[in-house]
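Text of the file entry.cif, holding mmCIF, C-alpha atoms:
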```cif
data_structure
#
loop_
_atom_site.label_atom_id
_atom_site.label_comp_id
_atom_site.auth_asym_id
_atom_site.auth_seq_id
_atom_site.Cartn_x
_atom_site.Cartn_y
_atom_site.Cartn_z
CA MET A 139 0.00 0.00 0.00
CA ASN A 140 1.28 3.48 -0.85
CA SER A 141 1.64 5.66 2.22
CA LEU A 142 0.73 9.32 2.49
CA GLN A 143 3.57 11.73 3.19
CA PHE A 144 2.96 15.40 3.95
CA THR A 145 5.75 17.56 2.56
CA ALA A 146 4.65 21.17 3.20
CA GLU A 147 1.96 23.13 5.04
CA SER A 148 0.72 26.68 4.53
CA PRO A 149 -2.20 28.38 6.36
CA SER A 150 -4.04 31.23 4.62
CA ASN A 151 -7.38 32.94 5.30
CA GLY A 152 -8.96 30.09 7.20
CA VAL A 153 -7.60 27.35 4.93
CA ILE A 154 -4.68 25.01 5.57
CA GLU A 155 -2.98 23.89 2.36
CA ARG A 156 -0.87 20.75 2.69
CA ASP A 157 1.27 19.31 -0.07
CA PHE A 158 1.52 15.53 0.07
CA THR A 159 2.42 12.50 -1.93
CA VAL A 160 0.91 9.04 -2.20
CA GLY A 161 3.66 6.88 -3.59
CA GLU A 162 5.23 9.14 -6.21
CA VAL A 163 2.05 11.04 -7.09
CA PRO A 164 2.05 14.72 -5.95
CA ASP A 165 -1.17 16.08 -4.45
CA VAL A 166 -2.45 18.99 -2.40
CA LEU A 167 -5.05 18.87 0.39
CA LEU A 168 -6.98 21.97 1.44
CA SER A 169 -8.78 21.82 4.78
CA PRO A 170 -10.56 24.18 7.18
CA ALA A 171 -8.05 25.78 9.58
CA SER A 172 -10.49 25.53 12.47
CA GLY A 173 -12.23 22.27 11.70
CA ALA A 174 -11.54 19.57 14.28
CA ASP A 175 -14.52 17.36 13.40
CA ARG A 176 -14.76 15.02 10.47
CA ALA A 177 -15.94 16.53 7.21
CA PRO A 178 -16.65 15.27 3.68
CA LEU A 179 -13.83 14.82 1.19
CA VAL A 180 -13.96 16.13 -2.38
CA PRO A 181 -11.21 15.03 -4.78
CA MET A 182 -10.93 17.30 -7.81
CA GLY A 183 -9.59 16.77 -11.32
CA HIS A 184 -7.92 19.66 -13.14
CA GLY A 185 -8.15 20.56 -16.82
CA GLY A 186 -5.75 19.61 -19.58
CA GLY A 187 -2.48 21.51 -19.48
CA ALA A 188 -3.19 22.68 -15.92
CA HIS A 189 -2.07 21.32 -12.55
CA LYS A 190 -3.18 20.79 -8.97
CA LYS A 191 -2.56 24.41 -7.92
CA HIS A 192 -3.87 26.13 -11.04
CA ARG A 193 -5.82 29.26 -10.08
CA ALA A 194 -9.11 27.73 -11.26
CA MET A 195 -8.57 24.70 -9.03
CA ALA A 196 -7.44 26.80 -6.07
CA GLY A 197 -10.51 29.02 -6.38
CA ARG A 198 -12.95 26.12 -6.54
CA ALA A 199 -11.21 24.29 -3.72
CA ARG A 200 -11.27 27.30 -1.41
CA LEU A 201 -14.98 27.81 -2.06
CA LEU A 202 -15.65 24.23 -0.96
CA VAL A 203 -13.45 24.59 2.13
CA THR A 204 -14.66 27.99 3.30
CA GLY A 205 -18.24 27.53 2.14
CA CYS A 206 -18.90 24.04 3.50
CA GLY A 207 -15.93 22.99 5.63
CA PHE A 208 -14.99 20.25 3.17
CA HIS A 209 -11.55 18.74 2.69
CA VAL A 210 -10.51 19.08 -0.96
CA ALA A 211 -7.74 17.07 -2.62
CA VAL A 212 -6.33 17.86 -6.04
CA ILE A 213 -4.04 15.42 -7.81
CA ASP A 214 -1.57 16.18 -10.60
CA ALA A 215 -2.67 14.07 -13.56
CA PRO A 216 -0.02 11.98 -15.33
CA GLY A 217 2.26 14.23 -17.39
CA HIS A 218 0.97 17.39 -15.66
CA GLY A 219 2.14 19.70 -12.91
CA ASP A 220 5.06 18.28 -10.98
CA ARG A 221 4.97 15.00 -12.90
CA PRO A 222 7.33 14.35 -15.82
CA ARG A 223 6.05 13.99 -19.34
CA THR A 224 6.67 10.79 -21.22
CA ALA A 225 7.54 10.60 -24.90
CA ARG A 226 3.91 9.66 -25.54
CA ASP A 227 2.74 12.79 -23.69
CA GLU A 228 5.00 14.95 -25.83
CA GLN A 229 3.79 13.33 -29.04
CA GLU A 230 0.10 13.75 -28.17
CA ILE A 231 0.60 17.38 -27.15
CA ALA A 232 2.52 18.13 -30.35
CA GLU A 233 -0.29 16.61 -32.44
CA LEU A 234 -2.87 18.62 -30.52
CA ARG A 235 -1.01 21.90 -31.04
CA LYS A 236 -0.61 21.10 -34.76
CA ALA A 237 -4.34 20.46 -35.13
CA GLN A 238 -5.21 23.65 -33.28
CA ALA A 239 -2.84 25.73 -35.40
CA ALA A 240 -4.34 24.29 -38.58
CA GLY A 241 -7.91 24.81 -37.43
CA GLU A 242 -8.57 21.08 -37.52
CA PRO A 243 -10.83 19.19 -35.06
CA GLU A 244 -8.98 18.47 -31.83
CA GLY A 245 -11.58 16.13 -30.37
CA PRO A 246 -10.12 12.84 -31.69
CA ILE A 247 -6.68 13.68 -30.27
CA VAL A 248 -7.97 14.87 -26.88
CA VAL A 249 -10.31 11.89 -26.52
CA ARG A 250 -7.53 9.42 -27.27
CA TYR A 251 -4.99 11.10 -25.01
CA ASN A 252 -7.38 11.64 -22.12
CA ALA A 253 -8.55 8.04 -22.28
CA ARG A 254 -4.95 6.95 -21.74
CA LEU A 255 -4.50 9.43 -18.87
CA ALA A 256 -7.68 8.12 -17.25
CA GLU A 257 -6.37 4.55 -17.34
CA LEU A 258 -3.37 5.69 -15.34
CA ALA A 259 -5.13 8.21 -13.10
CA VAL A 260 -8.14 6.22 -11.86
CA PRO A 261 -6.11 3.80 -9.69
CA GLU A 262 -4.06 6.78 -8.47
CA TYR A 263 -7.22 8.55 -7.31
CA GLN A 264 -8.39 5.38 -5.58
CA ALA A 265 -5.06 5.00 -3.79
CA THR A 266 -5.24 8.64 -2.72
CA LEU A 267 -8.77 8.12 -1.39
CA ASP A 268 -7.56 5.11 0.59
CA ALA A 269 -4.73 7.14 2.10
CA LEU A 270 -6.77 10.24 2.91
CA GLN A 271 -9.53 8.24 4.57
CA GLU A 272 -6.98 7.04 7.10
CA LEU A 273 -6.64 10.61 8.40
CA PRO A 274 -8.70 11.17 11.57
CA GLU A 275 -10.21 14.41 10.23
CA ILE A 276 -11.63 12.55 7.22
CA GLY A 277 -12.22 8.93 8.20
CA ALA A 278 -13.16 5.85 6.22
CA ASP A 279 -16.93 6.27 6.51
CA GLY A 280 -17.33 9.93 5.53
CA PRO A 281 -19.10 11.23 2.42
CA VAL A 282 -17.05 11.70 -0.76
CA GLY A 283 -17.86 13.86 -3.79
CA TYR A 284 -15.99 14.71 -6.98
CA VAL A 285 -15.49 17.82 -9.12
CA GLY A 286 -13.80 17.76 -12.52
CA ILE A 287 -14.40 19.82 -15.65
CA VAL A 288 -12.93 19.14 -19.12
CA MET A 289 -10.03 16.68 -18.56
CA GLY A 290 -11.28 16.37 -14.99
CA THR A 291 -14.42 14.86 -16.51
CA ALA A 292 -12.42 12.55 -18.77
CA ILE A 293 -10.77 11.13 -15.64
CA GLY A 294 -13.75 11.55 -13.35
CA VAL A 295 -16.35 9.63 -15.33
CA PRO A 296 -14.44 6.31 -15.34
CA LEU A 297 -13.41 6.94 -11.74
CA VAL A 298 -16.96 7.52 -10.50
CA ALA A 299 -18.19 4.53 -12.53
CA VAL A 300 -16.02 2.16 -10.48
CA GLU A 301 -15.74 4.01 -7.15
CA PRO A 302 -18.73 3.45 -4.82
CA ARG A 303 -17.39 5.86 -2.20
CA ILE A 304 -18.21 8.83 -4.43
CA THR A 305 -21.89 9.72 -4.01
CA ALA A 306 -22.24 13.01 -5.94
CA ALA A 307 -20.23 14.56 -8.77
CA VAL A 308 -19.84 17.70 -10.87
CA PHE A 309 -18.76 17.17 -14.48
CA GLY A 310 -18.74 19.18 -17.68
CA MET A 311 -17.33 20.24 -21.04
CA MET A 312 -16.03 17.02 -22.55
CA TRP A 313 -16.59 14.94 -25.66
CA PRO A 314 -18.67 11.77 -25.04
CA ASP A 315 -16.90 9.11 -27.17
CA ALA A 316 -14.87 6.95 -24.79
CA ARG A 317 -16.98 7.97 -21.79
CA ILE A 318 -20.51 7.07 -22.83
CA GLU A 319 -20.38 3.44 -21.68
CA LYS A 320 -18.89 4.49 -18.33
CA ALA A 321 -21.48 7.26 -17.95
CA LYS A 322 -24.25 4.70 -18.39
CA GLN A 323 -22.96 2.98 -15.23
CA ILE A 324 -23.26 6.12 -13.10
CA THR A 325 -26.45 6.54 -11.05
CA ILE A 326 -25.40 9.08 -8.40
CA PRO A 327 -26.60 12.73 -8.51
CA ILE A 328 -24.78 14.70 -11.22
CA GLU A 329 -24.44 18.38 -11.98
CA PHE A 330 -23.19 18.91 -15.54
CA ASP A 331 -21.85 22.20 -16.91
CA MET A 332 -21.42 23.20 -20.53
CA GLN A 333 -20.87 26.29 -22.64
CA TRP A 334 -23.60 26.57 -25.29
CA ASP A 335 -21.32 28.33 -27.79
CA ASN A 336 -18.24 26.19 -27.12
CA GLU A 337 -15.98 26.42 -30.16
CA ARG A 338 -13.99 23.34 -29.12
CA ILE A 339 -16.63 20.90 -27.89
CA PRO A 340 -19.88 21.05 -29.91
CA ARG A 341 -23.03 21.37 -27.83
CA GLU A 342 -24.30 18.11 -29.34
CA ALA A 343 -21.30 16.35 -27.83
CA GLY A 344 -21.92 17.78 -24.38
CA LEU A 345 -25.61 16.95 -24.55
CA ALA A 346 -24.84 13.38 -25.61
CA LEU A 347 -22.60 12.85 -22.60
CA PHE A 348 -25.14 14.38 -20.22
CA ASP A 349 -27.88 12.21 -21.66
CA SER A 350 -25.78 9.08 -21.10
CA PHE A 351 -25.69 9.31 -17.31
CA ALA A 352 -28.12 6.85 -15.72
CA SER A 353 -28.64 9.12 -12.71
CA LYS A 354 -32.23 9.74 -11.64
CA GLU A 355 -31.10 13.14 -10.44
CA LYS A 356 -28.97 15.02 -12.95
CA THR A 357 -28.98 18.72 -13.70
CA LEU A 358 -27.71 20.44 -16.84
CA HIS A 359 -26.26 23.95 -16.56
CA ALA A 360 -25.79 25.44 -20.02
CA ASN A 361 -24.39 28.95 -20.27
CA ALA A 362 -23.97 31.15 -23.33
CA GLY A 363 -20.35 31.72 -24.24
CA LYS A 364 -17.15 30.17 -25.54
CA HIS A 365 -15.07 27.42 -23.94
CA SER A 366 -12.80 29.75 -21.98
CA VAL A 367 -15.48 31.97 -20.43
CA PHE A 368 -16.90 29.43 -18.02
CA PRO A 369 -18.73 31.57 -15.44
CA ARG A 370 -17.56 31.75 -11.84
CA PHE A 371 -21.08 31.38 -10.49
CA GLU A 372 -21.07 27.76 -11.65
CA SER A 373 -18.35 27.15 -9.08
CA ASP A 374 -20.69 28.61 -6.47
CA SER A 375 -23.43 26.28 -7.73
CA SER A 376 -21.18 23.25 -7.33
CA VAL A 377 -20.67 24.21 -3.67
CA ARG A 378 -24.41 24.21 -3.07
CA PHE A 379 -24.86 20.98 -5.02
CA LEU A 380 -22.22 19.08 -3.05
CA ALA A 381 -23.34 20.58 0.27
CA ARG A 382 -26.84 19.29 -0.44
CA HIS A 383 -25.76 15.78 -1.37
CA LEU A 384 -22.91 15.30 1.10
CA GLY A 385 -24.96 16.50 4.03
CA GLN A 386 -23.12 19.68 4.90
CA ALA A 387 -24.55 23.16 5.44
CA VAL A 388 -23.25 26.07 3.38
CA THR A 389 -21.62 28.35 5.96
CA SER A 390 -20.80 31.33 3.75
CA PRO A 391 -22.48 32.93 0.73
CA ALA A 392 -21.91 30.85 -2.41
#
```

Show me this structure written as structure tokens.
Amino acid sequence: MNSLQFTAESPSNGVIERDFTVGEVPDVLLSPASGADRAPLVPMGHGGGAHKKHRAMAGRARLLVTGCGFHVAVIDAPGHGDRPRTARDEQEIAELRKAQAAGEPEGPIVVRYNARLAELAVPEYQATLDALQELPEIGADGPVGYVGIVMGTAIGVPLVAVEPRITAAVFGMMWPDARIEKAKQITIPIEFDMQWDNERIPREAGLALFDSFASKEKTLHANAGKHSVFPRFESDSSVRFLARHLGQAVTSPA
């Protein structure tokens, strides 16, 4: 079993940020500075080309910590953040950049590459869950949610499909393709975000993935705008969604 090792700690505005590793995988855990009791855990998946401490991840994580008292863990995906890229990573990224520069569809490349990353990342997330649930402030029987948009959805859908500890999830903005069969296995409550005018992921693709989830409770949030103008208030909505389903009161406006 891979053990958890804390490597750094930094308190800031009511949040304690702790860098840690599980095996050789680098992670960060954000927790309430004043919370002594057990609280739900929310692992998060970052977007492609980002990392565990990207400003978008930090913002979402802090909302969940300060708004609900959750513990939030973000894991560097393979080939991202503090993890080295393999030759395959470099090849896939080069092909993606070439397609983007030529104005060609990037979906087939992203879908293929993200499917490979998910194969590697899902067991890493499960090992991290195992390790974090040994901490007294989290515990093995506490509620677990998940948040992951774009590549975080590519990893999150197959993770949630096989991980019974996760009981509510926020997904969004991803092609269906390799994920439809996994989505059909998911029955937990889902909140799904998409940009209606997304120039990278056609709305039909997002709708197809949303439609595939077998959840009795699933909510679609579609906002006007391009891929990169994902509105901040959807992060606030995810706080309320997870607070509702993980049994935690929202303690600050969100």

Write out as JSON lines the residues of region 148-242 of chain A that have any atom within 12 Å of an atom of region 256-276 of chain A, one row each with the nearest atom pair and its distance in Å to one decimal, counting all atoms listed in the file, sorted by chain and then rising number.
```
{"residue": "A:Phe158", "atom": "CA", "partner": "A:Thr266", "partner_atom": "CA", "distance": 10.0}
{"residue": "A:Thr159", "atom": "CA", "partner": "A:Thr266", "partner_atom": "CA", "distance": 8.6}
{"residue": "A:Val160", "atom": "CA", "partner": "A:Thr266", "partner_atom": "CA", "distance": 6.2}
{"residue": "A:Gly161", "atom": "CA", "partner": "A:Ala265", "partner_atom": "CA", "distance": 8.9}
{"residue": "A:Glu162", "atom": "CA", "partner": "A:Glu262", "partner_atom": "CA", "distance": 9.8}
{"residue": "A:Val163", "atom": "CA", "partner": "A:Glu262", "partner_atom": "CA", "distance": 7.6}
{"residue": "A:Pro164", "atom": "CA", "partner": "A:Thr266", "partner_atom": "CA", "distance": 10.0}
{"residue": "A:Asp165", "atom": "CA", "partner": "A:Thr266", "partner_atom": "CA", "distance": 8.7}
{"residue": "A:Val166", "atom": "CA", "partner": "A:Thr266", "partner_atom": "CA", "distance": 10.7}
{"residue": "A:Leu167", "atom": "CA", "partner": "A:Leu270", "partner_atom": "CA", "distance": 9.2}
{"residue": "A:Leu168", "atom": "CA", "partner": "A:Leu270", "partner_atom": "CA", "distance": 11.8}
{"residue": "A:Ser169", "atom": "CA", "partner": "A:Glu275", "partner_atom": "CA", "distance": 9.3}
{"residue": "A:Pro170", "atom": "CA", "partner": "A:Glu275", "partner_atom": "CA", "distance": 10.2}
{"residue": "A:Ala171", "atom": "CA", "partner": "A:Glu275", "partner_atom": "CA", "distance": 11.6}
{"residue": "A:Ser172", "atom": "CA", "partner": "A:Glu275", "partner_atom": "CA", "distance": 11.3}
{"residue": "A:Gly173", "atom": "CA", "partner": "A:Glu275", "partner_atom": "CA", "distance": 8.2}
{"residue": "A:Ala174", "atom": "CA", "partner": "A:Glu275", "partner_atom": "CA", "distance": 6.7}
{"residue": "A:Asp175", "atom": "CA", "partner": "A:Glu275", "partner_atom": "CA", "distance": 6.1}
{"residue": "A:Arg176", "atom": "CA", "partner": "A:Glu275", "partner_atom": "CA", "distance": 4.6}
{"residue": "A:Ala177", "atom": "CA", "partner": "A:Ile276", "partner_atom": "CA", "distance": 5.9}
{"residue": "A:Pro178", "atom": "CA", "partner": "A:Ile276", "partner_atom": "CA", "distance": 6.7}
{"residue": "A:Leu179", "atom": "CA", "partner": "A:Ile276", "partner_atom": "CA", "distance": 6.8}
{"residue": "A:Val180", "atom": "CA", "partner": "A:Leu267", "partner_atom": "CA", "distance": 9.6}
{"residue": "A:Pro181", "atom": "CA", "partner": "A:Tyr263", "partner_atom": "CA", "distance": 8.0}
{"residue": "A:Met182", "atom": "CA", "partner": "A:Tyr263", "partner_atom": "CA", "distance": 9.5}
{"residue": "A:Gly183", "atom": "CA", "partner": "A:Tyr263", "partner_atom": "CA", "distance": 9.4}
{"residue": "A:His184", "atom": "CA", "partner": "A:Ala259", "partner_atom": "CA", "distance": 11.8}
{"residue": "A:Gly186", "atom": "CA", "partner": "A:Ala256", "partner_atom": "CA", "distance": 11.9}
{"residue": "A:Gly207", "atom": "CA", "partner": "A:Glu275", "partner_atom": "CA", "distance": 11.3}
{"residue": "A:Phe208", "atom": "CA", "partner": "A:Ile276", "partner_atom": "CA", "distance": 9.3}
{"residue": "A:His209", "atom": "CA", "partner": "A:Ile276", "partner_atom": "CA", "distance": 7.7}
{"residue": "A:Val210", "atom": "CA", "partner": "A:Leu270", "partner_atom": "CA", "distance": 10.3}
{"residue": "A:Ala211", "atom": "CA", "partner": "A:Thr266", "partner_atom": "CA", "distance": 8.8}
{"residue": "A:Val212", "atom": "CA", "partner": "A:Tyr263", "partner_atom": "CA", "distance": 9.4}
{"residue": "A:Ile213", "atom": "CA", "partner": "A:Tyr263", "partner_atom": "CA", "distance": 7.6}
{"residue": "A:Asp214", "atom": "CA", "partner": "A:Ala259", "partner_atom": "CA", "distance": 9.1}
{"residue": "A:Ala215", "atom": "CA", "partner": "A:Ala259", "partner_atom": "CA", "distance": 6.4}
{"residue": "A:Pro216", "atom": "CA", "partner": "A:Ala259", "partner_atom": "CA", "distance": 6.7}
{"residue": "A:Gly217", "atom": "CA", "partner": "A:Leu258", "partner_atom": "CA", "distance": 10.4}
{"residue": "A:His218", "atom": "CA", "partner": "A:Ala259", "partner_atom": "CA", "distance": 11.3}
```

Calculate how many Å separate CA of Tyr284 (chain A) from CA of Val203 (chain A), rounding to one decimal.
->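 Atom-to-atom, CA of Tyr284 (chain A) and CA of Val203 (chain A) are spaced 13.7 Å apart.
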
Report as a ChimeraX atom specification the residues that result from applying the PyMOL selection byres ((chain A and resi 384) around 12) to the structure here.
-> /A:177-180,202,206-209,280-284,303-307,326-327,376-383,385-388

Contact residues around Arg338 (chain A) with only C-alpha atoms at 10 Å, ignoring same-chain residues under 3 positions, as a PDB file with C-alpha atoms, in the frame of the given file:
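Written out: selection.pdb:
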```pdb
ATOM      1  CA  GLN A 238      -5.210  23.650 -33.280  1.00  0.00           C
ATOM      2  CA  PRO A 243     -10.830  19.190 -35.060  1.00  0.00           C
ATOM      3  CA  GLU A 244      -8.980  18.470 -31.830  1.00  0.00           C
ATOM      4  CA  GLY A 245     -11.580  16.130 -30.370  1.00  0.00           C
ATOM      5  CA  MET A 311     -17.330  20.240 -21.040  1.00  0.00           C
ATOM      6  CA  MET A 312     -16.030  17.020 -22.550  1.00  0.00           C
ATOM      7  CA  TRP A 313     -16.590  14.940 -25.660  1.00  0.00           C
ATOM      8  CA  GLN A 333     -20.870  26.290 -22.640  1.00  0.00           C
ATOM      9  CA  ASP A 335     -21.320  28.330 -27.790  1.00  0.00           C
ATOM     10  CA  ARG A 341     -23.030  21.370 -27.830  1.00  0.00           C
ATOM     11  CA  LYS A 364     -17.150  30.170 -25.540  1.00  0.00           C
ATOM     12  CA  HIS A 365     -15.070  27.420 -23.940  1.00  0.00           C
ATOM     13  CA  SER A 366     -12.800  29.750 -21.980  1.00  0.00           C
TER      14      SER A 366
END
```

Excluding same-chain residues fewer than 3 positions from Ala253 (chain A), what lies within 10 Å of it counting only C-alpha atoms, as a list in words?
-> Ile247, Val248, Val249, Arg250, Ala256, Glu257, Leu258, Ala259, Met289, Ala292, Ile293, Pro296, Asp315, Ala316 and Arg317 of chain A

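Distance-wise, CA of Leu234 (chain A) and CA of Val285 (chain A) end up 24.9 Å apart.
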
Restricting the calculation to only C-alpha atoms, which member of A:Val298, A:Leu201, A:Ala194, A:Met332 is positioned closest to Val153 (chain A)?
->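 Ranking A:Val298, A:Leu201, A:Ala194, A:Met332 by distance to Val153 (chain A), first place goes to A:Leu201.
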
List the neighbours of Phe348 (chain A) out to 10 Å using all atoms listed in the file; skip same-chain residues closer than 3 positions along the sequence, and give me the result as JSON, numbers by chain.
-> {"A": [309, 310, 311, 312, 314, 318, 321, 322, 328, 329, 330, 331, 332, 342, 343, 344, 345, 351, 352, 353, 356, 357, 358]}

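Among the candidates A:Ile287, A:Leu297, A:Ile339, A:Ala346, the residue lying nearest to Met195 (chain A) is A:Ile287 (atoms considered: all atoms listed in the file).
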
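Ranking A:Leu142, A:Gln229, A:Trp334, A:Ala239 by their shortest atom-to-atom distance to Gly363 (chain A), with all atoms listed in the file included, puts A:Trp334 first.
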
Have a look at CA of Ser141 (chain A) and CA of Gly290 (chain A) and let me know their distance in Å, one decimal.
->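 Separation of CA of Ser141 (chain A) and CA of Gly290 (chain A): 24.0 Å.
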
Residues matched by the PyMOL selection byres ((chain A and resi 189) around 6), written as number ranges by chain | A: 188, 190-192, 214, 218-219

If you keep C-alpha atoms, can you produce a file of those selected residues as an mmCIF file, in the frame of the given file?
```
data_model
loop_
_atom_site.group_PDB
_atom_site.id
_atom_site.type_symbol
_atom_site.label_atom_id
_atom_site.label_comp_id
_atom_site.auth_asym_id
_atom_site.auth_seq_id
_atom_site.Cartn_x
_atom_site.Cartn_y
_atom_site.Cartn_z
ATOM 1 C CA ALA A 188 -3.190 22.680 -15.920
ATOM 2 C CA LYS A 190 -3.180 20.790 -8.970
ATOM 3 C CA LYS A 191 -2.560 24.410 -7.920
ATOM 4 C CA HIS A 192 -3.870 26.130 -11.040
ATOM 5 C CA ASP A 214 -1.570 16.180 -10.600
ATOM 6 C CA HIS A 218 0.970 17.390 -15.660
ATOM 7 C CA GLY A 219 2.140 19.700 -12.910
#
```

Nearest residue to Val288 (chain A) from the set A:Ser148, A:Asn336, A:Thr224, A:Thr325 (distances using all atoms listed in the file) =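 Of A:Ser148, A:Asn336, A:Thr224, A:Thr325, the one nearest Val288 (chain A) is A:Asn336, counting all atoms listed in the file.
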
Axis-aligned box for all listed atoms of region 141-147 of chain A, 3 Å per side, centre and edges in Å to one decimal, as JSON:
```
{"center_x": 3.2, "center_y": 14.4, "center_z": 3.6, "size_x": 11.0, "size_y": 23.5, "size_z": 8.8}
```
